[in-house]
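**Q** Here you go, this is entry01.cif (mmCIF, C-alpha atoms and all ligand atoms).
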data_data
#
loop_
_atom_site.group_PDB
_atom_site.id
_atom_site.type_symbol
_atom_site.label_atom_id
_atom_site.label_comp_id
_atom_site.auth_asym_id
_atom_site.auth_seq_id
_atom_site.Cartn_x
_atom_site.Cartn_y
_atom_site.Cartn_z
ATOM 1 C CA MET A 151 -114.562 -63.141 7.857
ATOM 2 C CA PRO A 152 -117.167 -60.325 7.422
ATOM 3 C CA THR A 153 -116.711 -57.270 9.635
ATOM 4 C CA PRO A 154 -119.508 -55.297 11.309
ATOM 5 C CA GLN A 155 -120.690 -52.423 9.090
ATOM 6 C CA TYR A 156 -120.427 -48.808 10.130
ATOM 7 C CA SER A 157 -123.900 -47.447 10.890
ATOM 8 C CA LEU A 158 -125.530 -45.192 13.458
ATOM 9 C CA PRO A 159 -127.236 -48.125 15.319
ATOM 10 C CA ASN A 160 -123.888 -49.940 15.473
ATOM 11 C CA PHE A 161 -122.122 -46.808 16.682
ATOM 12 C CA LEU A 162 -124.692 -46.313 19.469
ATOM 13 C CA PHE A 163 -124.630 -49.983 20.410
ATOM 14 C CA ASN A 164 -120.826 -50.013 20.593
ATOM 15 C CA ALA A 165 -120.838 -46.828 22.693
ATOM 16 C CA LEU A 166 -123.273 -48.495 25.078
ATOM 17 C CA SER A 167 -121.140 -51.647 25.247
ATOM 18 C CA SER A 168 -118.058 -49.556 26.023
ATOM 19 C CA THR A 169 -119.885 -47.921 28.935
ATOM 20 C CA ALA A 170 -120.793 -51.365 30.276
ATOM 21 C CA ARG A 171 -117.147 -52.468 29.935
ATOM 22 C CA LEU A 172 -116.068 -49.404 31.875
ATOM 23 C CA TYR A 173 -118.509 -50.345 34.647
ATOM 24 C CA GLU A 174 -116.937 -53.796 34.773
ATOM 25 C CA LYS A 175 -113.413 -52.357 34.862
ATOM 26 C CA LEU A 176 -114.431 -50.144 37.775
ATOM 27 C CA GLY A 177 -115.681 -53.258 39.572
ATOM 28 C CA LEU A 178 -119.297 -52.042 39.604
ATOM 29 C CA SER A 179 -122.076 -54.581 39.380
ATOM 30 C CA VAL A 180 -124.570 -54.673 36.504
ATOM 31 C CA VAL A 181 -127.304 -52.096 36.950
ATOM 32 C CA SER A 182 -130.732 -53.579 37.774
ATOM 33 C CA THR A 183 -133.687 -51.851 36.163
ATOM 34 C CA ALA A 184 -137.431 -52.442 35.740
ATOM 35 C CA ARG A 185 -138.720 -51.670 32.265
ATOM 36 C CA PRO A 186 -142.508 -51.871 32.052
ATOM 37 C CA PHE A 187 -144.766 -54.184 30.027
ATOM 38 C CA SER A 188 -145.359 -51.283 27.607
ATOM 39 C CA PHE A 189 -141.642 -51.424 26.766
ATOM 40 C CA TYR A 190 -141.580 -55.230 26.381
ATOM 41 C CA ARG A 191 -144.740 -55.012 24.214
ATOM 42 C CA LYS A 192 -143.015 -52.601 21.871
ATOM 43 C CA VAL A 193 -139.643 -54.274 21.473
ATOM 44 C CA PHE A 194 -140.654 -57.945 21.706
ATOM 45 C CA PHE A 195 -144.271 -58.101 20.475
ATOM 46 C CA GLN A 196 -144.560 -55.367 17.818
ATOM 47 C CA SER A 197 -146.708 -53.224 20.158
ATOM 48 C CA ARG A 198 -149.572 -55.708 20.127
ATOM 49 C CA SER A 199 -152.117 -55.141 22.875
ATOM 50 C CA GLU A 200 -151.472 -56.440 26.356
ATOM 51 C CA ALA A 201 -154.599 -58.623 26.129
ATOM 52 C CA ALA A 202 -153.549 -60.182 22.792
ATOM 53 C CA ILE A 203 -150.052 -60.995 24.056
ATOM 54 C CA LEU A 204 -151.336 -62.541 27.288
ATOM 55 C CA ALA A 205 -153.911 -64.601 25.367
ATOM 56 C CA ASP A 206 -151.171 -65.893 23.045
ATOM 57 C CA LEU A 207 -148.970 -66.867 25.980
ATOM 58 C CA GLU A 208 -151.766 -68.538 27.924
ATOM 59 C CA ASP A 209 -150.429 -72.104 27.555
ATOM 60 C CA LYS A 210 -146.752 -71.172 27.165
ATOM 61 C CA THR A 211 -143.723 -71.102 29.439
ATOM 62 C CA VAL A 212 -141.818 -67.818 29.235
ATOM 63 C CA VAL A 213 -138.490 -66.970 30.856
ATOM 64 C CA ASP A 214 -137.151 -63.408 31.178
ATOM 65 C CA ILE A 215 -133.357 -63.577 31.454
ATOM 66 C CA GLY A 216 -131.827 -60.747 33.474
ATOM 67 C CA CYS A 217 -135.236 -59.646 34.713
ATOM 68 C CA GLY A 218 -133.733 -57.163 37.186
ATOM 69 C CA LEU A 219 -136.344 -55.541 39.408
ATOM 70 C CA THR A 220 -139.330 -56.296 37.134
ATOM 71 C CA PRO A 221 -140.837 -58.971 39.463
ATOM 72 C CA PHE A 222 -141.211 -56.220 42.066
ATOM 73 C CA THR A 223 -142.864 -53.521 39.988
ATOM 74 C CA GLU A 224 -146.567 -53.337 39.292
ATOM 75 C CA ASN A 225 -146.516 -52.398 35.596
ATOM 76 C CA SER A 226 -144.029 -55.107 34.519
ATOM 77 C CA MET A 227 -144.710 -58.008 32.163
ATOM 78 C CA PHE A 228 -143.825 -60.322 35.060
ATOM 79 C CA GLN A 229 -146.708 -58.948 37.146
ATOM 80 C CA ALA A 230 -149.157 -58.801 34.209
ATOM 81 C CA CYS A 231 -148.449 -62.482 33.462
ATOM 82 C CA HIS A 232 -148.810 -63.377 37.110
ATOM 83 C CA ARG A 233 -152.237 -61.678 37.269
ATOM 84 C CA GLN A 234 -153.310 -63.540 34.110
ATOM 85 C CA GLY A 235 -151.951 -66.951 35.194
ATOM 86 C CA VAL A 236 -149.281 -67.111 32.444
ATOM 87 C CA ASP A 237 -146.311 -69.320 33.340
ATOM 88 C CA PHE A 238 -143.723 -66.518 33.332
ATOM 89 C CA TYR A 239 -140.381 -66.654 35.196
ATOM 90 C CA GLY A 240 -137.866 -63.910 35.905
ATOM 91 C CA VAL A 241 -134.240 -65.038 36.202
ATOM 92 C CA ASP A 242 -131.489 -62.909 37.703
ATOM 93 C CA PRO A 243 -128.465 -63.916 39.821
ATOM 94 C CA LYS A 244 -129.119 -60.971 42.157
ATOM 95 C CA LEU A 245 -132.366 -62.625 43.253
ATOM 96 C CA GLU A 246 -130.265 -65.222 45.067
ATOM 97 C CA LYS A 247 -129.285 -62.703 47.752
ATOM 98 C CA GLY A 248 -132.365 -60.562 47.315
ATOM 99 C CA PHE A 249 -132.637 -56.920 46.342
ATOM 100 C CA LYS A 250 -132.344 -54.227 49.000
ATOM 101 C CA PHE A 251 -135.129 -52.014 47.578
ATOM 102 C CA GLY A 252 -133.204 -48.908 48.532
ATOM 103 C CA VAL A 253 -132.970 -45.508 46.888
ATOM 104 C CA VAL A 254 -130.739 -46.738 44.051
ATOM 105 C CA ASP A 255 -133.169 -49.516 43.051
ATOM 106 C CA SER A 256 -136.051 -47.040 43.159
ATOM 107 C CA LEU A 257 -134.202 -44.499 41.052
ATOM 108 C CA TRP A 258 -133.188 -47.009 38.359
ATOM 109 C CA SER A 259 -136.705 -48.475 38.274
ATOM 110 C CA THR A 260 -138.366 -45.081 37.906
ATOM 111 C CA PHE A 261 -135.792 -43.958 35.347
ATOM 112 C CA THR A 262 -136.576 -47.002 33.186
ATOM 113 C CA GLY A 263 -140.372 -46.670 33.425
ATOM 114 C CA ALA A 264 -141.653 -48.359 36.582
ATOM 115 C CA SER A 265 -144.905 -46.733 37.737
ATOM 116 C CA LYS A 266 -144.049 -47.224 41.419
ATOM 117 C CA ALA A 267 -140.958 -48.040 43.451
ATOM 118 C CA PRO A 268 -140.128 -51.786 43.604
ATOM 119 C CA ARG A 269 -141.583 -53.663 46.598
ATOM 120 C CA GLY A 270 -140.340 -56.955 48.033
ATOM 121 C CA ASN A 271 -143.810 -58.208 48.878
ATOM 122 C CA MET A 272 -145.209 -58.268 45.343
ATOM 123 C CA PRO A 273 -147.142 -61.429 44.378
ATOM 124 C CA GLY A 274 -145.606 -64.226 42.286
ATOM 125 C CA ARG A 275 -142.267 -64.050 44.100
ATOM 126 C CA HIS A 276 -141.781 -67.851 43.699
ATOM 127 C CA LYS A 277 -141.335 -67.296 39.946
ATOM 128 C CA ALA A 278 -138.474 -64.843 40.444
ATOM 129 C CA ILE A 279 -135.473 -67.171 40.340
ATOM 130 C CA GLY A 280 -131.900 -66.489 41.429
ATOM 131 C CA ALA A 281 -129.764 -68.059 38.680
ATOM 132 C CA TYR A 282 -127.297 -67.253 35.913
ATOM 133 C CA ALA A 283 -128.343 -67.332 32.275
ATOM 134 C CA ASP A 284 -125.981 -70.217 31.526
ATOM 135 C CA GLN A 285 -127.294 -72.405 34.373
ATOM 136 C CA LEU A 286 -131.052 -72.336 34.081
ATOM 137 C CA PRO A 287 -133.148 -74.450 36.467
ATOM 138 C CA PHE A 288 -135.475 -75.628 33.680
ATOM 139 C CA ASP A 289 -135.812 -79.075 32.080
ATOM 140 C CA ASP A 290 -134.616 -79.787 28.552
ATOM 141 C CA GLY A 291 -137.157 -78.688 25.946
ATOM 142 C CA SER A 292 -139.547 -77.131 28.490
ATOM 143 C CA VAL A 293 -139.569 -73.426 27.523
ATOM 144 C CA ASP A 294 -141.486 -71.738 24.672
ATOM 145 C CA LEU A 295 -140.038 -68.258 24.809
ATOM 146 C CA VAL A 296 -136.848 -66.712 26.178
ATOM 147 C CA LEU A 297 -136.890 -62.921 26.464
ATOM 148 C CA SER A 298 -133.937 -60.804 27.428
ATOM 149 C CA SER A 299 -133.964 -57.033 27.685
ATOM 150 C CA TRP A 300 -130.775 -55.068 28.210
ATOM 151 C CA LEU A 301 -128.394 -57.866 29.123
ATOM 152 C CA LEU A 302 -126.967 -59.952 26.266
ATOM 153 C CA PHE A 303 -124.071 -58.357 24.356
ATOM 154 C CA VAL A 304 -124.488 -55.166 26.412
ATOM 155 C CA TRP A 305 -123.590 -56.247 29.920
ATOM 156 C CA ILE A 306 -122.352 -59.693 28.877
ATOM 157 C CA GLN A 307 -119.762 -59.464 26.128
ATOM 158 C CA ASP A 308 -117.394 -62.338 26.889
ATOM 159 C CA PRO A 309 -117.656 -64.767 23.927
ATOM 160 C CA THR A 310 -117.163 -67.854 26.121
ATOM 161 C CA ILE A 311 -119.988 -66.836 28.467
ATOM 162 C CA LEU A 312 -122.254 -65.862 25.566
ATOM 163 C CA ALA A 313 -121.618 -69.231 23.893
ATOM 164 C CA ALA A 314 -122.522 -71.015 27.156
ATOM 165 C CA ILE A 315 -125.682 -68.905 27.496
ATOM 166 C CA PHE A 316 -126.971 -69.557 23.980
ATOM 167 C CA THR A 317 -126.154 -73.269 24.366
ATOM 168 C CA GLU A 318 -128.213 -73.240 27.567
ATOM 169 C CA PHE A 319 -131.115 -71.462 25.832
ATOM 170 C CA ASP A 320 -131.006 -74.163 23.165
ATOM 171 C CA ARG A 321 -131.158 -76.857 25.846
ATOM 172 C CA VAL A 322 -134.247 -75.496 27.583
ATOM 173 C CA LEU A 323 -136.160 -74.406 24.457
ATOM 174 C CA LYS A 324 -138.819 -76.573 22.849
ATOM 175 C CA PRO A 325 -138.587 -77.198 19.091
ATOM 176 C CA GLY A 326 -140.288 -74.155 17.541
ATOM 177 C CA GLY A 327 -139.395 -72.088 20.627
ATOM 178 C CA ARG A 328 -138.010 -68.578 20.362
ATOM 179 C CA ILE A 329 -135.289 -66.345 21.807
ATOM 180 C CA SER A 330 -135.942 -62.588 21.573
ATOM 181 C CA PHE A 331 -133.472 -60.042 22.816
ATOM 182 C CA TYR A 332 -133.062 -56.255 22.723
ATOM 183 C CA PRO A 333 -131.075 -54.078 22.086
ATOM 184 C CA SER A 334 -128.796 -55.341 19.353
ATOM 185 C CA MET A 335 -126.872 -54.374 16.285
ATOM 186 C CA ARG A 336 -128.034 -55.888 12.998
ATOM 187 C CA TRP A 337 -127.832 -59.674 13.300
ATOM 188 C CA GLN A 338 -125.312 -59.851 10.418
ATOM 189 C CA ASP A 339 -123.054 -57.476 12.331
ATOM 190 C CA MET A 340 -123.526 -59.299 15.617
ATOM 191 C CA THR A 341 -122.588 -62.648 14.045
ATOM 192 C CA ALA A 342 -119.599 -60.985 12.358
ATOM 193 C CA LYS A 343 -118.436 -59.820 15.793
ATOM 194 C CA TYR A 344 -119.298 -63.150 17.476
ATOM 195 C CA PRO A 345 -118.908 -65.784 14.714
ATOM 196 C CA PHE A 346 -119.470 -68.715 17.119
ATOM 197 C CA LEU A 347 -123.163 -67.736 17.210
ATOM 198 C CA LEU A 348 -123.670 -69.132 13.723
ATOM 199 C CA ASP A 349 -122.484 -72.506 14.923
ATOM 200 C CA VAL A 350 -124.391 -72.581 18.222
ATOM 201 C CA LEU A 351 -127.557 -71.340 16.484
ATOM 202 C CA LYS A 352 -127.414 -73.238 13.229
ATOM 203 C CA GLN A 353 -130.825 -74.814 13.944
ATOM 204 C CA TYR A 354 -132.424 -71.354 14.230
ATOM 205 C CA GLN A 355 -134.079 -68.924 11.827
ATOM 206 C CA SER A 356 -133.311 -65.283 12.532
ATOM 207 C CA GLU A 357 -135.498 -62.231 12.114
ATOM 208 C CA GLN A 358 -134.742 -58.654 13.123
ATOM 209 C CA GLN A 359 -136.732 -55.495 13.693
ATOM 210 C CA PHE A 360 -135.331 -52.033 13.654
ATOM 211 C CA TRP A 361 -136.762 -49.573 16.161
ATOM 212 C CA THR A 362 -136.530 -45.874 16.615
ATOM 213 C CA TYR A 363 -137.574 -45.438 20.197
ATOM 214 C CA VAL A 364 -136.603 -42.322 22.051
ATOM 215 C CA ARG A 365 -137.048 -42.533 25.782
ATOM 216 C CA THR A 366 -134.863 -42.837 28.857
ATOM 217 C CA SER A 367 -134.916 -46.647 28.878
ATOM 218 C CA SER A 368 -134.068 -47.303 25.224
ATOM 219 C CA LEU A 369 -131.457 -46.720 22.578
ATOM 220 C CA PRO A 370 -132.867 -44.269 20.011
ATOM 221 C CA PHE A 371 -131.967 -46.693 17.193
ATOM 222 C CA ALA A 372 -131.543 -50.411 17.764
ATOM 223 C CA TYR A 373 -132.670 -53.847 16.666
ATOM 224 C CA THR A 374 -134.639 -56.597 18.335
ATOM 225 C CA ILE A 375 -133.434 -60.048 17.299
ATOM 226 C CA HIS A 376 -135.817 -63.019 17.200
ATOM 227 C CA LEU A 377 -134.277 -66.495 16.827
ATOM 228 C CA THR A 378 -136.701 -69.353 16.235
ATOM 229 C CA LYS A 379 -135.620 -72.940 16.809
ATOM 230 C CA ASN A 380 -136.465 -75.330 13.972
ATOM 231 C CA LYS A 381 -139.259 -77.797 14.685
HETATM 232 C C1 LIG B 401 -130.028 -53.717 32.991
HETATM 233 S S1 LIG B 401 -130.852 -54.973 33.932
HETATM 234 C C2 LIG B 401 -132.254 -55.306 32.870
HETATM 235 C C3 LIG B 401 -133.523 -55.571 33.667
HETATM 236 C C4 LIG B 401 -134.781 -55.682 32.851
HETATM 237 N N1 LIG B 401 -134.699 -56.793 31.942
HETATM 238 C C5 LIG B 401 -135.054 -54.405 32.091
HETATM 239 O O1 LIG B 401 -135.037 -54.409 30.853
HETATM 240 O O2 LIG B 401 -135.256 -53.376 32.732
HETATM 241 C C6 LIG B 401 -129.793 -56.378 33.671
HETATM 242 C C7 LIG B 401 -129.943 -57.461 34.728
HETATM 243 O O3 LIG B 401 -129.231 -58.624 34.285
HETATM 244 C C8 LIG B 401 -128.742 -59.278 35.437
HETATM 245 N N2 LIG B 401 -127.620 -60.190 35.056
HETATM 246 C C9 LIG B 401 -126.301 -59.919 35.054
HETATM 247 N N3 LIG B 401 -125.611 -61.010 34.677
HETATM 248 C C10 LIG B 401 -126.526 -61.989 34.459
HETATM 249 C C11 LIG B 401 -126.408 -63.353 34.072
HETATM 250 N N4 LIG B 401 -125.232 -63.937 33.820
HETATM 251 N N5 LIG B 401 -127.558 -64.082 33.961
HETATM 252 C C12 LIG B 401 -128.768 -63.506 34.199
HETATM 253 N N6 LIG B 401 -128.916 -62.222 34.564
HETATM 254 C C13 LIG B 401 -127.820 -61.467 34.690
HETATM 255 C C14 LIG B 401 -128.315 -58.152 36.339
HETATM 256 O O4 LIG B 401 -128.258 -58.579 37.708
HETATM 257 C C15 LIG B 401 -129.378 -57.096 36.082
HETATM 258 O O5 LIG B 401 -130.398 -57.122 37.064
#
Show the structure stored in the file as structure tokens.
Ligand SMILES: C[S@@+](CC[C@H](N)C(=O)[O-])C[C@H]1O[C@@H](n2cnc3c(N)ncnc32)[C@H](O)[C@@H]1O
**A**
Amino acid sequence: MPTPQYSLPNFLFNALSSTARLYEKLGLSVVSTARPFSFYRKVFFQSRSEAAILADLEDKTVVDIGCGLTPFTENSMFQACHRQGVDFYGVDPKLEKGFKFGVVDSLWSTFTGASKAPRGNMPGRHKAIGAYADQLPFDDGSVDLVLSSWLLFVWIQDPTILAAIFTEFDRVLKPGGRISFYPSMRWQDMTAKYPFLLDVLKQYQSEQQFWTYVRTSSLPFAYTIHLTKNK
């Protein structure tokens, strides 16, 4: 079986994953953040303009897995899609109970690039759904694009849960649909660490992009992985 290569991106990614594991060991819940559309544009859409991305997504269904506080912040992709009438959903189990919008939420949101503190009365609230990534309330073959920023392999590392999540993505995705997630190691190294992915995703073509992105909400060196389901 191939082993993950030593490289600076892998080192940083593994350091990040260890921090997340420590959080779990300490019984702390996953941090909820609110990265802006400018961040999603860069890591998921090759920095294309906001207008071009929204035009492309006009007739598509998009689901943001582990959306955190983004539905409640003005400069998020969730809110931009809502303003433009794009069918965009945010999914996060914490939405079930509702966020408290206290100091901690505000600090994490600002730290990760929100222009204003999160507010509970933002529009489009009905598309912010309380659910887990492996139990999505969407019909089979109904979704065009699954995005996930700062969740998979970072906060969720258990192979059984990851297998269930990618199987669920496959269920809801249309043929030709896409999964894009950030941050990641090289895909070859990720599949060496989690070999089951090759089996669950055998109907998918993979593509990866390496980013150097230095800011508080990103890893300085990391990959975005795009997985496209065969038609
Ligand atoms: C670090 S935040 C990322 C928020 C946003 N995507 C961003 O990039 O700023 C990760 C979010 O994933 C959520 N989460 C944790 N486990 C999850 C699961 N099994 N399914 C979906 N979301 C989950 C957490 O509640 C948290 O709000």
**Q** Care to translate the PyMOL selection byres (((not hetatm)) within 7 of (chain B and resi 401)) into actual residues of this file, as a list in words?
**A**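 So the PyMOL selection byres (((not hetatm)) within 7 of (chain B and resi 401)), applied here, picks out Val180, Val181, Ser182, Thr183, Ala184, Arg185, Ile215, Gly216, Cys217, Gly218, Leu219, Thr220, Val241, Asp242, Pro243, Lys244, Thr262, Ala281, Tyr282, Ala283, Asp284, Ser298, Ser299, Trp300, Leu301, Trp305 and Ile306 of chain A.
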**Q** Under the rule of at most 9 Å, produce a per-residue listing of region 212-317 of chain A near region 339-356 of chain A: chain, number, name, the closest pair of atoms, and the distance in Å, as a Markdown table, using only C-alpha atoms.
**A**
| residue | atom | partner | partner_atom | distance |
| --- | --- | --- | --- | --- |
| A:Phe303 | CA | A:Met340 | CA | 8.8 |
| A:Pro309 | CA | A:Tyr344 | CA | 6.9 |
| A:Leu312 | CA | A:Leu347 | CA | 8.6 |
| A:Ala313 | CA | A:Leu347 | CA | 7.0 |
| A:Phe316 | CA | A:Val350 | CA | 7.0 |
| A:Thr317 | CA | A:Val350 | CA | 6.4 |
**Q** Could you make a table, as CSV, of the residues of region 174-272 of chain A that have an atom within 10 Å of an atom of region 291-296 of chain A, each with its nearest atom pair and distance in Å to one decimal, counting all atoms listed in the file, in chain and number order?
**A**
residue,atom,partner,partner_atom,distance
A:Leu207,CA,A:Asp294,CA,9.0
A:Asp209,CA,A:Asp294,CA,9.4
A:Lys210,CA,A:Asp294,CA,5.9
A:Thr211,CA,A:Val293,CA,5.1
A:Val212,CA,A:Leu295,CA,4.8
A:Val213,CA,A:Val296,CA,5.0
A:Asp214,CA,A:Val296,CA,6.0
A:Ile215,CA,A:Val296,CA,7.1
A:Asp237,CA,A:Val293,CA,9.8
A:Phe238,CA,A:Leu295,CA,9.4
A:Tyr239,CA,A:Val296,CA,9.7
**Q** Kindly export the residues of the current selection with C-alpha atoms, as a PDB file, in the frame of the given file.
**A**
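Result file follows (out.pdb):
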ATOM      1  CA  LEU A 207    -148.970 -66.867  25.980  1.00  0.00           C
ATOM      2  CA  ASP A 209    -150.429 -72.104  27.555  1.00  0.00           C
ATOM      3  CA  LYS A 210    -146.752 -71.172  27.165  1.00  0.00           C
ATOM      4  CA  THR A 211    -143.723 -71.102  29.439  1.00  0.00           C
ATOM      5  CA  VAL A 212    -141.818 -67.818  29.235  1.00  0.00           C
ATOM      6  CA  VAL A 213    -138.490 -66.970  30.856  1.00  0.00           C
ATOM      7  CA  ASP A 214    -137.151 -63.408  31.178  1.00  0.00           C
ATOM      8  CA  ILE A 215    -133.357 -63.577  31.454  1.00  0.00           C
ATOM      9  CA  ASP A 237    -146.311 -69.320  33.340  1.00  0.00           C
ATOM     10  CA  PHE A 238    -143.723 -66.518  33.332  1.00  0.00           C
ATOM     11  CA  TYR A 239    -140.381 -66.654  35.196  1.00  0.00           C
TER      12      TYR A 239
END
**Q** In terms of the shortest atom-to-atom distance over only C-alpha atoms, which of A:Val253, A:Leu323, A:Val304, A:Val236 is closest to Arg171 (chain A)?
**A**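 Using only C-alpha atoms, the shortest distance to Arg171 (chain A) belongs to A:Val304.
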**Q** Quick one: pull the distance between CA of Arg336 (chain A) and CA of Arg198 (chain A), Å, one decimal.
**A** 22.7 Å
